[in-house]
Structure formats: structure tokens, C-alpha cells
2 protein chains.
Amino acid sequence: MRSRVTLADVAKRAGVNVSTVSRSLNQETAGQVSKATVKKIRKIADEMQYSPNTVARGLRTRKSMTIGVIVPDLTNPIFPPIVRGVDSVLFSRGYSALVVNTDNSAEIENALFDSLMERQVDGLIIATGHTERSMIAKYHNQGVKAVLVNREASGVPFPSVIGDDAAGIAAALEHLAALGHKKVLHLAGPTVLSTASVRSIAFTNTAKRLGLTTKIIKATALSVSAGEIAMNKFLEANPKSVTAVLAGNDLLALGVFHALRKHGLRAPQDISVIGFNNMPFSEDFSPSLTTVSAPHFEMGVESARLLINQIEGKVTSPRKITLPVTLVVRESSGPVPKR
Amino acid sequence: MRSRVTLADVAKRAGVNVSTVSRSLNQETAGQVSKATVKKIRKIADEMQYSPNTVARGLRTRKSMTIGVIVPDLTNPIFPPIVRGVDSVLFSRGYSALVVNTDNSAEIENALFDSLMERQVDGLIIATGHTERSMIAKYHNQGVKAVLVNREASGVPFPSVIGDDAAGIAAALEHLAALGHKKVLHLAGPTVLSTASVRSIAFTNTAKRLGLTTKIIKATALSVSAGEIAMNKFLEANPKSVTAVLAGNDLLALGVFHALRKHGLRAPQDISVIGFNNMPFSEDFSPSLTTVSAPHFEMGVESARLLINQIEGKVTSPRKITLPVTLVVRESSGPVPKR
DNA sequence: CTGAAAGCGCTAACAG
DNA sequence: CTGTTAGCGCTTTCAG
């Protein structure tokens, strides 16, 4: 803890009361002080290298200027862009972010929530799809301001920012249909994750509309290894029963690649593969991955804006922001194989 | 800001003084209170859902229990593991991390440093190689506790945690030499970055020891695009003058892949490529990348330990921790092409 | 326009 | 073992 020089030090040197220094240094209250003294005090404060103590100010104003950002796992590559988007607006408004990882554990999430509250965060940005109703209720009961990002939030008392998953899934399936695919597998994430269930439902609806024959399998997590395990099992049980697979996200799609390789199959020659998120480096995979690009940075930006508006009592913001997604066609999807 | 129920509330309800409540609730001071009252007070505090206000405590104790973590860019995939390593030990010791991104700008780093100081962080973990001497001096002059991670720190007044870059480079070059390569290119990062210059020096030394003919070119940043640009330029000027390239990190190696593709060359058939870091998904690139694996999570762990020891005045920790690295051989490196 | 005083919630002497 | 007192550094009435 630094804070070598305090308001009192500056006040003494300037021969005025601390309150005058406080008023002079704060933008909003500087008008209450004569221009001359403001100028003089600012000069002295500069010379003394005064820098305010945010902690002390927060105690008094009941605003920590700190936001809690709850993510499942920062090493999942979709979260760094979200966090940076959040950060970019927070920083410009004078806030800082306390980023915590839940590893999809409700227990950990609870502990982290308590820790963030003890630190008096002014609000929460919640990027954990796993969050259960009960936890959301807990947040709300404590009067916390929060915004949900990258998770569906119907019937929940917080605004949310999401990508248009349904449109993304539709675009992916239409792309496959246009390539001649009739039998498509959906490798879904665990349904406790809201994005997984939204995408799964969209898959079923769109496939029906397009007249596709479908199979759905579930991975136990949104990870490469879970995707690989699920796809291996599928390939052993149902070889060659589909010509394309739409994965719930890019990590699962990568797991599919691994499973295909293990079974001597190639994408797209044997099976087309499509992911979701357009995570960093998905263009460098082997083959490069066709996927649905979601605007993660912008999602972070919008969620932070929503939260700050809420905190600072600005005009009522929208309850839900849906950002457009786009299909990025690369090597992993191709025409249905001729047999 | 929550903090619905305060120490005073609990004290009133328990019919004791706030200080007794404070002592009872704090592990270290609970011994000063009779077991009976401790038990009673804890029960009441529980019932009232008391939760301490870290901000108020920090003001009094001059410890914010908050650490600033300064990284260049969280979307560079080596940093999330470091941050999670840091976080894992911080959290278990009751600290939280304020993570900030400098985007390699000294100006931004300065502003962020001030912001962190105003927030009264108890210490800093600095992962920005770019940090200039002057900034380090500034940190030190302000009496800040800090640890440097993933950057060389000779002649600097802070402990540091690094990977054994020299050994990694040596292992990579020995691997290439064993495959028959005689002419090797080093695609270095900008020398203002300490890791880049360390690796560059190690490259020169080891190559000399192994009797290799070398060329060195520099990328303007440790990024895919900078690597691609530099490698394109090299290939246009000196086609087929080397049979292998050792990149300063995996992102540069990826840039090399792009440049090779553009010039109709393949790795490893035409040129072998080796990266550094073993960043996530480097095994899924096309081809999978031979690279030096650095223990980023552990580096985060060790740096956090060092910092906390420093803060809590524990036994004098080592000034420098060097963690071992290992060469991971994958598809991108192979025998020297026969012509 | 400026000063005095109070107090945010907590811990740490100092007494008893 | 417990209560009293005094602030940490800051903002905000309330006077004047």
C-alpha cells in the first residue's frame, strides 16, 4: 500500500482545509471552489505527486469502482476477448475488473461470489453458462447489479448480451444442406450450459425445416477431450451413418478432428465438420475449421456498457442485446462424399 | 456495494463491543477472546449473514489483499495459463488479482501502474517483457513489491521467474542438427522484448557450438502477422537458403507457416519449423508444431509465491527461479530435404 | 466560496 | 478477557 501523500498533506501545504482540497481535485465538485484556489491546489498536488486512495474513497462513497467478472476458465480461448472487451470500457470509465474462474464448479462460484462481495464490487459480469437459477436468485436477492454475457437469460432478472446462436446454427446447416448433406450429427455440449441447449434446440428446429436426418450426441463438457471421447464412441457404434457433424463449439470440433484421425477418416473428404465461435487459431487447424464467428470482444463491450448504465442509474437500457454472427467457411466443410 | 450487516450490527445483537466481535472473527486474534464468546459471536455472525468489508479492513490495515498483474495482452495464449497459475495461489491465500493489459505501450503501462497504485495493490506481478528500465526504476522507487515473470531481469531489483530459454533453444537446435540441418534461420522477436533477446543470444551461441550456418531476421512484434511479414520478405530475398527456421515463439512460427504456404513451400518437407512456448492448440496446427514447452502455469504459481513471501516478509526467497523447459517434437520438423 | 465535523467499517493500541 | 478510544483517507453535510 502506497499512498505516501494524502489529502491532509496537500491541505497543510496549501494552507487550506482538506475538504477544499477534495473539492478542488474532484471534477464534479471543483465548481464549488474559486478558480484561483482550484488552480493553486492542483499545482501543489501535482508537485507533491498526490494520488488519491481509491480504497478510502470507496469506503466513504460506497463505490469501489471495481467490477467482478466471472468466467468458467480464462484458458478457454473465447474468454480473453470477452474480458478485454469488458476491460476496454471499464478502464475508460475509471473502473477495474476483478476476473475470477469457476472451472464450472458451483461451489467455487459461490466462494468467489462471496469474495467479490466482500471486496464491495459495484457489479458483476457473469459469463458462466453453468450458473444455476438458484445462484442467479442469490445474486439478485443481494441486490447485486449484474449482466449476463454469452448465456441465455430468459426469465432471469438481469440484462444479457448474447450472440445470435440460432441464426448461426441455421447458417451452418443451410451451408451443409447446400453442399448436399442429408444426414447430420450434432455433437452438443452438456445441456446444463445454456449456450449448449440453445444451439441444440436451434439445430433440431432448423434441421426439421431443411428436411435433414439428424442424430444428436452429448459431450460431458465443452472441451477438446470431451468432444473426442464422445465422437470416438459415436464412430465406433455408428460408422459412416452421417456425412457431416456440427459441433457445439470449436473445442468440441477439435475433438472431432482427433477422433476422425484416430479412425482414419478425413475432413472434409469423409465427413464435414463445423464448429462454433471462430476461436483464435481455428483457421490454423488441420484442416482449417469452418465455424460460426461470434463477436466476443463486442459482447464484452456491450455487457460492460449495460452494467455501468445500470450502476450509474442511466436511462433504462435494453434487457437483452443479441449480436449478429457470421458463418466462416473454411476447409473442414465440403461436398457430401460420393460413394 | 453491499455490506448490509456490519461488525457494529453483530456487536449490538451480541451485546458486546465491536472490537470483541472483530477479535472473535479474525483467526489470529480469536485467541484473545474466551472460547465461549468466540463461539457465541460466530454463531450470531453466521445467523446475521455477516460478511466482512475488505475495503474498510484494508483502509485500516494498509493491506488491500489485492495484487496487480500486468500482462501485454490476455489474448496472447501464453498469458491465460500464467494468470491462472498466479490466481490459484493468490486465491488460496486470500488475495485477488487485478489483471491489466498494456498492449506493449509504455504510456498505457504507466497509466495502469498509477491506477493500480491508487487501488493500493499490495504488490505487482509483471509479465511485460517490454517494461523498460525506467519503468522498473519507477516501480522500485515507489517502494512497490514486485516479481517479474517470463522476462529476464538481470540487474533489476526484483525477483523473477523464467523458463530456461537458453536450454530450450539449445535443445531445438540440437534436434535440428541431428536431423542433418546445417543452415538455420532464426526469426527473432523485437529485441526490446527481453525473452526475444535472450533467445536470440542463445541461438547464436548454440549454433556456433554446433557449427551451424545461421541467418537472423527480426519481426516487429511477437505476433502471427509480424512473423508472416518478416518471413515473406526473407523468402523473397533468399529463397532456399536455409532448411530450417527456429521462431522466437509459436505465434511467429504460425506466421512462418502462412508465409511458406504463400510461397508454395511445405513444412517439414521443404523447411522445418520450430516454435517456442508450446501454446495451447499448437499441436492442432497444420502441420502440428514442434516447439519448446514452457511451464506457464507453474511460472504463474512460483511468481505469486515469491510475491506473497515478499509481502508477508517471509524468509528471503530466491532472487531468480528458472523452470525447466522441454522440446516437444511434432510434425513440423523433419530431416533436411535432399536435393 | 471555505472550514469544521462527522463518519464509511474496520483494527489496534491502551486500559482495565 | 473485554471495553474505550482513535484513527486509516476520504467525501459530505452543515454552518458561516
# chains A, B, ... in the order shown; residues from 1 in each chain; ligands from 1

call {"tool": "residues_around", "arguments": {"residues": "B:Thr6", "least_positions_apart": "5", "cutoff": "9 Å", "atoms": "only C-alpha atoms (C1' of nucleotides)", "output": "number ranges by chain"}}
result
B: 11, 50-53; C: 9

call {"tool": "residues_around", "arguments": {"residues": "A:Asn249", "least_positions_apart": "3", "cutoff": "8 Å", "atoms": "only C-alpha atoms (C1' of nucleotides)", "output": "list of chain:residue names"}}
result
A:Gly189, A:Leu222, A:Leu252, A:Ala253, A:Gly275, A:Phe276, A:Asn277

call {"tool": "closest_atom_pairs", "arguments": {"of": "chain C", "to": "chain B", "cutoff": "9 Å", "atoms": "only C-alpha atoms (C1' of nucleotides)", "output": "Markdown table"}}
result
| residue | atom | partner | partner_atom | distance |
| --- | --- | --- | --- | --- |
| C:DC8 | C1' | B:Ala56 | CA | 7.9 |
| C:DG9 | C1' | B:Ala56 | CA | 5.1 |
| C:DC10 | C1' | B:Arg57 | CA | 4.8 |
| C:DT11 | C1' | B:Arg60 | CA | 6.2 |

call {"tool": "write_last_selection", "arguments": {"atoms": "C-alpha atoms (C1' of nucleotides)", "output": "tab-separated table (two decimals), in the first residue's frame"}}
result
chain	number	residue	atom	x	y	z
C	8	DC	C1'	-17.89	4.94	5.91
C	9	DG	C1'	-16.43	-0.25	8.59
C	10	DC	C1'	-12.79	-1.87	10.43
C	11	DT	C1'	-8.45	-2.94	13.55

call {"tool": "interface_residues", "arguments": {"of": "chain D", "to": "chain B", "cutoff": "7 Å", "atoms": "only C-alpha atoms (C1' of nucleotides)", "output": "number ranges by chain"}}
result
D: 1-3, 8

call {"tool": "write_last_selection", "arguments": {"atoms": "N, CA, C and O atoms (P, O5', C5', C4', C3', O3' and C1' of nucleotides)", "output": "mmCIF file, in the first residue's frame"}}
result
data_model
loop_
_atom_site.group_PDB
_atom_site.id
_atom_site.type_symbol
_atom_site.label_atom_id
_atom_site.label_comp_id
_atom_site.auth_asym_id
_atom_site.auth_seq_id
_atom_site.Cartn_x
_atom_site.Cartn_y
_atom_site.Cartn_z
ATOM 1 P P DC D 1 -8.657 -16.248 28.186
ATOM 2 O "O5'" DC D 1 -9.498 -14.916 28.115
ATOM 3 C "C5'" DC D 1 -10.881 -14.942 28.073
ATOM 4 C "C4'" DC D 1 -11.341 -13.580 28.501
ATOM 5 C "C3'" DC D 1 -12.037 -12.797 27.377
ATOM 6 O "O3'" DC D 1 -13.395 -12.637 27.758
ATOM 7 C "C1'" DC D 1 -10.543 -11.419 28.595
ATOM 8 P P DT D 2 -14.495 -12.305 26.775
ATOM 9 O "O5'" DT D 2 -14.501 -10.727 26.765
ATOM 10 C "C5'" DT D 2 -15.183 -10.050 27.803
ATOM 11 C "C4'" DT D 2 -14.819 -8.595 27.753
ATOM 12 C "C3'" DT D 2 -15.351 -7.826 26.545
ATOM 13 O "O3'" DT D 2 -16.401 -7.010 27.006
ATOM 14 C "C1'" DT D 2 -13.156 -7.159 27.153
ATOM 15 P P DG D 3 -17.342 -6.249 25.996
ATOM 16 O "O5'" DG D 3 -16.954 -4.728 26.288
ATOM 17 C "C5'" DG D 3 -16.952 -4.261 27.620
ATOM 18 C "C4'" DG D 3 -16.229 -2.936 27.716
ATOM 19 C "C3'" DG D 3 -16.706 -1.894 26.703
ATOM 20 O "O3'" DG D 3 -16.852 -0.646 27.371
ATOM 21 C "C1'" DG D 3 -14.364 -2.180 26.518
ATOM 22 P P DC D 8 -4.990 8.827 10.761
ATOM 23 O "O5'" DC D 8 -5.048 7.661 9.689
ATOM 24 C "C5'" DC D 8 -4.325 6.463 9.812
ATOM 25 C "C4'" DC D 8 -4.781 5.522 8.719
ATOM 26 C "C3'" DC D 8 -5.181 6.223 7.425
ATOM 27 O "O3'" DC D 8 -4.130 6.056 6.470
ATOM 28 C "C1'" DC D 8 -6.888 4.647 8.151
#

call {"tool": "interface_residues", "arguments": {"of": "chain B", "to": "chain A", "cutoff": "6 Å", "atoms": "only C-alpha atoms", "output": "list in words"}}
result
Met1, Pro52, Asn53, Thr54, Arg62, Leu74, Thr75, Pro80, Leu98, Glu118, Arg119, Gln120, Val121, Asp122, Asp284, Phe285 and Ser286 of chain B

call {"tool": "write_last_selection", "arguments": {"atoms": "C-alpha atoms", "output": "tab-separated table (two decimals), in the first residue's frame"}}
result
chain	number	residue	atom	x	y	z
B	1	MET	CA	-21.56	-2.09	-2.55
B	52	PRO	CA	-16.53	-8.52	6.34
B	53	ASN	CA	-15.87	-5.42	4.28
B	54	THR	CA	-12.45	-5.96	2.76
B	62	ARG	CA	-2.98	-0.84	4.91
B	74	LEU	CA	-4.51	-11.53	-22.42
B	75	THR	CA	-5.44	-12.79	-25.86
B	80	PRO	CA	-4.07	-17.10	-19.53
B	98	LEU	CA	-6.39	-7.14	-10.83
B	118	GLU	CA	-4.34	4.22	-6.40
B	119	ARG	CA	-6.14	0.99	-5.75
B	120	GLN	CA	-3.49	0.23	-3.14
B	121	VAL	CA	-2.38	-3.09	-4.53
B	122	ASP	CA	-0.07	-4.93	-2.18
B	284	ASP	CA	-3.50	-28.90	-33.83
B	285	PHE	CA	-1.86	-26.61	-36.33
B	286	SER	CA	-1.21	-27.75	-39.84

call {"tool": "select_by_dssp", "arguments": {"residues": "stretch 264-300 of chain B", "states": "helix (DSSP H, G or I)", "output": "list in words"}}
result
Ser282, Glu283, Asp284, His296, Phe297, Glu298, Met299 and Gly300 of chain B

call {"tool": "select_by_dssp", "arguments": {"residues": "stretch 83-307 of chain A", "states": "strand (DSSP E)", "output": "JSON, numbers by chain"}}
result
{"A": [96, 97, 98, 99, 100, 101, 123, 124, 125, 126, 146, 147, 148, 149, 160, 161, 162, 163, 183, 184, 185, 186, 187, 188, 213, 214, 215, 216, 217, 218, 244, 245, 246, 247, 272, 273, 274, 275, 276, 277, 290, 291, 292, 293]}

call {"tool": "write_last_selection", "arguments": {"atoms": "C-alpha atoms", "output": "compact mmCIF listing (two decimals), in the first residue's frame"}}
result
# COMPACT_ATOMS: atom_id res chain seq x y z
CA SER A 96 -11.23 -2.04 -12.81
CA ALA A 97 -12.10 -5.68 -13.30
CA LEU A 98 -11.58 -8.49 -10.85
CA VAL A 99 -11.60 -11.59 -13.07
CA VAL A 100 -12.28 -14.96 -11.45
CA ASN A 101 -12.52 -18.52 -12.78
CA GLY A 123 -21.44 -5.04 -10.15
CA LEU A 124 -20.93 -8.36 -11.82
CA ILE A 125 -20.43 -9.56 -15.36
CA ILE A 126 -21.32 -13.21 -15.47
CA ALA A 146 -25.24 -7.79 -12.93
CA VAL A 147 -25.17 -8.51 -16.62
CA LEU A 148 -25.08 -11.94 -18.20
CA VAL A 149 -22.87 -12.44 -21.21
CA SER A 160 -27.88 -10.14 -21.08
CA VAL A 161 -25.67 -9.95 -24.12
CA ILE A 162 -25.55 -12.92 -26.44
CA GLY A 163 -24.63 -13.89 -29.95
CA LYS A 183 -27.56 -36.83 -42.57
CA VAL A 184 -26.03 -34.57 -39.97
CA LEU A 185 -24.77 -35.24 -36.49
CA HIS A 186 -24.90 -32.66 -33.73
CA LEU A 187 -22.24 -33.01 -31.07
CA ALA A 188 -23.83 -30.99 -28.31
CA THR A 213 -31.95 -36.56 -40.96
CA THR A 214 -30.25 -35.94 -37.63
CA LYS A 215 -28.51 -37.59 -34.75
CA ILE A 216 -27.55 -35.87 -31.54
CA ILE A 217 -24.88 -36.89 -29.08
CA LYS A 218 -23.71 -35.08 -25.99
CA ALA A 244 -21.36 -34.06 -41.51
CA VAL A 245 -21.08 -33.04 -37.89
CA LEU A 246 -21.98 -29.73 -36.37
CA ALA A 247 -20.19 -29.31 -33.05
CA SER A 272 -17.57 -32.35 -42.95
CA VAL A 273 -17.03 -30.63 -39.62
CA ILE A 274 -18.34 -27.28 -38.45
CA GLY A 275 -17.60 -25.58 -35.15
CA PHE A 276 -18.93 -22.58 -33.31
CA ASN A 277 -17.21 -19.40 -32.05
CA THR A 290 -15.46 -23.91 -40.83
CA THR A 291 -17.22 -22.23 -37.93
CA VAL A 292 -19.69 -19.62 -36.80
CA SER A 293 -17.95 -16.42 -35.82

call {"tool": "residues_around", "arguments": {"residues": "B:Ile169", "least_positions_apart": "3", "cutoff": "9 Å", "atoms": "only C-alpha atoms (C1' of nucleotides)", "output": "NGL selection string"}}
result
:B and (164-166 or 172-174 or 199-200 or 202-203 or 206 or 246 or 276 or 292 or 327)

call {"tool": "write_last_selection", "arguments": {"atoms": "N, CA and C atoms", "output": "PDB file, in the first residue's frame"}}
result
ATOM      1  N   ASP B 164      13.711 -21.817 -18.787  1.00  0.00           N
ATOM      2  CA  ASP B 164      15.106 -21.928 -19.182  1.00  0.00           C
ATOM      3  C   ASP B 164      15.215 -21.820 -20.702  1.00  0.00           C
ATOM      4  N   ASP B 165      15.094 -20.589 -21.179  1.00  0.00           N
ATOM      5  CA  ASP B 165      15.039 -20.341 -22.614  1.00  0.00           C
ATOM      6  C   ASP B 165      16.287 -20.826 -23.334  1.00  0.00           C
ATOM      7  N   ALA B 166      17.450 -20.600 -22.739  1.00  0.00           N
ATOM      8  CA  ALA B 166      18.692 -20.985 -23.391  1.00  0.00           C
ATOM      9  C   ALA B 166      18.721 -22.495 -23.617  1.00  0.00           C
ATOM     10  N   ALA B 172      16.345 -27.338 -29.200  1.00  0.00           N
ATOM     11  CA  ALA B 172      15.752 -27.221 -30.530  1.00  0.00           C
ATOM     12  C   ALA B 172      16.820 -27.311 -31.612  1.00  0.00           C
ATOM     13  N   LEU B 173      17.920 -26.623 -31.410  1.00  0.00           N
ATOM     14  CA  LEU B 173      18.975 -26.618 -32.428  1.00  0.00           C
ATOM     15  C   LEU B 173      19.667 -27.972 -32.506  1.00  0.00           C
ATOM     16  N   GLU B 174      19.818 -28.606 -31.350  1.00  0.00           N
ATOM     17  CA  GLU B 174      20.418 -29.941 -31.368  1.00  0.00           C
ATOM     18  C   GLU B 174      19.524 -30.912 -32.134  1.00  0.00           C
ATOM     19  N   ARG B 199      16.580 -15.346 -26.258  1.00  0.00           N
ATOM     20  CA  ARG B 199      16.520 -16.478 -27.185  1.00  0.00           C
ATOM     21  C   ARG B 199      17.456 -16.251 -28.372  1.00  0.00           C
ATOM     22  N   SER B 200      17.550 -15.022 -28.781  1.00  0.00           N
ATOM     23  CA  SER B 200      18.389 -14.697 -29.913  1.00  0.00           C
ATOM     24  C   SER B 200      19.863 -14.975 -29.584  1.00  0.00           C
ATOM     25  N   ALA B 202      20.981 -16.979 -27.244  1.00  0.00           N
ATOM     26  CA  ALA B 202      21.154 -18.423 -27.090  1.00  0.00           C
ATOM     27  C   ALA B 202      21.266 -19.090 -28.450  1.00  0.00           C
ATOM     28  N   PHE B 203      20.493 -18.591 -29.398  1.00  0.00           N
ATOM     29  CA  PHE B 203      20.549 -19.149 -30.755  1.00  0.00           C
ATOM     30  C   PHE B 203      21.953 -19.007 -31.336  1.00  0.00           C
ATOM     31  N   THR B 206      24.543 -21.277 -29.387  1.00  0.00           N
ATOM     32  CA  THR B 206      24.397 -22.714 -29.629  1.00  0.00           C
ATOM     33  C   THR B 206      24.752 -23.073 -31.068  1.00  0.00           C
ATOM     34  N   LEU B 246      13.950 -21.487 -36.815  1.00  0.00           N
ATOM     35  CA  LEU B 246      13.593 -21.520 -35.404  1.00  0.00           C
ATOM     36  C   LEU B 246      12.964 -20.171 -35.077  1.00  0.00           C
ATOM     37  N   PHE B 276       8.270 -21.775 -30.072  1.00  0.00           N
ATOM     38  CA  PHE B 276       8.666 -21.704 -28.665  1.00  0.00           C
ATOM     39  C   PHE B 276       7.442 -21.353 -27.832  1.00  0.00           C
ATOM     40  N   VAL B 292       9.154 -25.669 -28.112  1.00  0.00           N
ATOM     41  CA  VAL B 292       9.723 -25.824 -26.777  1.00  0.00           C
ATOM     42  C   VAL B 292       8.629 -25.515 -25.757  1.00  0.00           C
ATOM     43  N   LEU B 327      11.655 -29.913 -25.130  1.00  0.00           N
ATOM     44  CA  LEU B 327      11.345 -29.859 -26.551  1.00  0.00           C
ATOM     45  C   LEU B 327      10.243 -30.866 -26.867  1.00  0.00           C
TER      46      LEU B 327
END

call {"tool": "atom_distance", "arguments": {"atom1": "atom CA of B:Gln27", "atom2": "atom CA of B:Arg42"}}
result
11.4 Å

call {"tool": "atom_distance", "arguments": {"atom1": "atom CA of B:Leu25", "atom2": "atom CA of B:Leu90"}}
result
21.5 Å
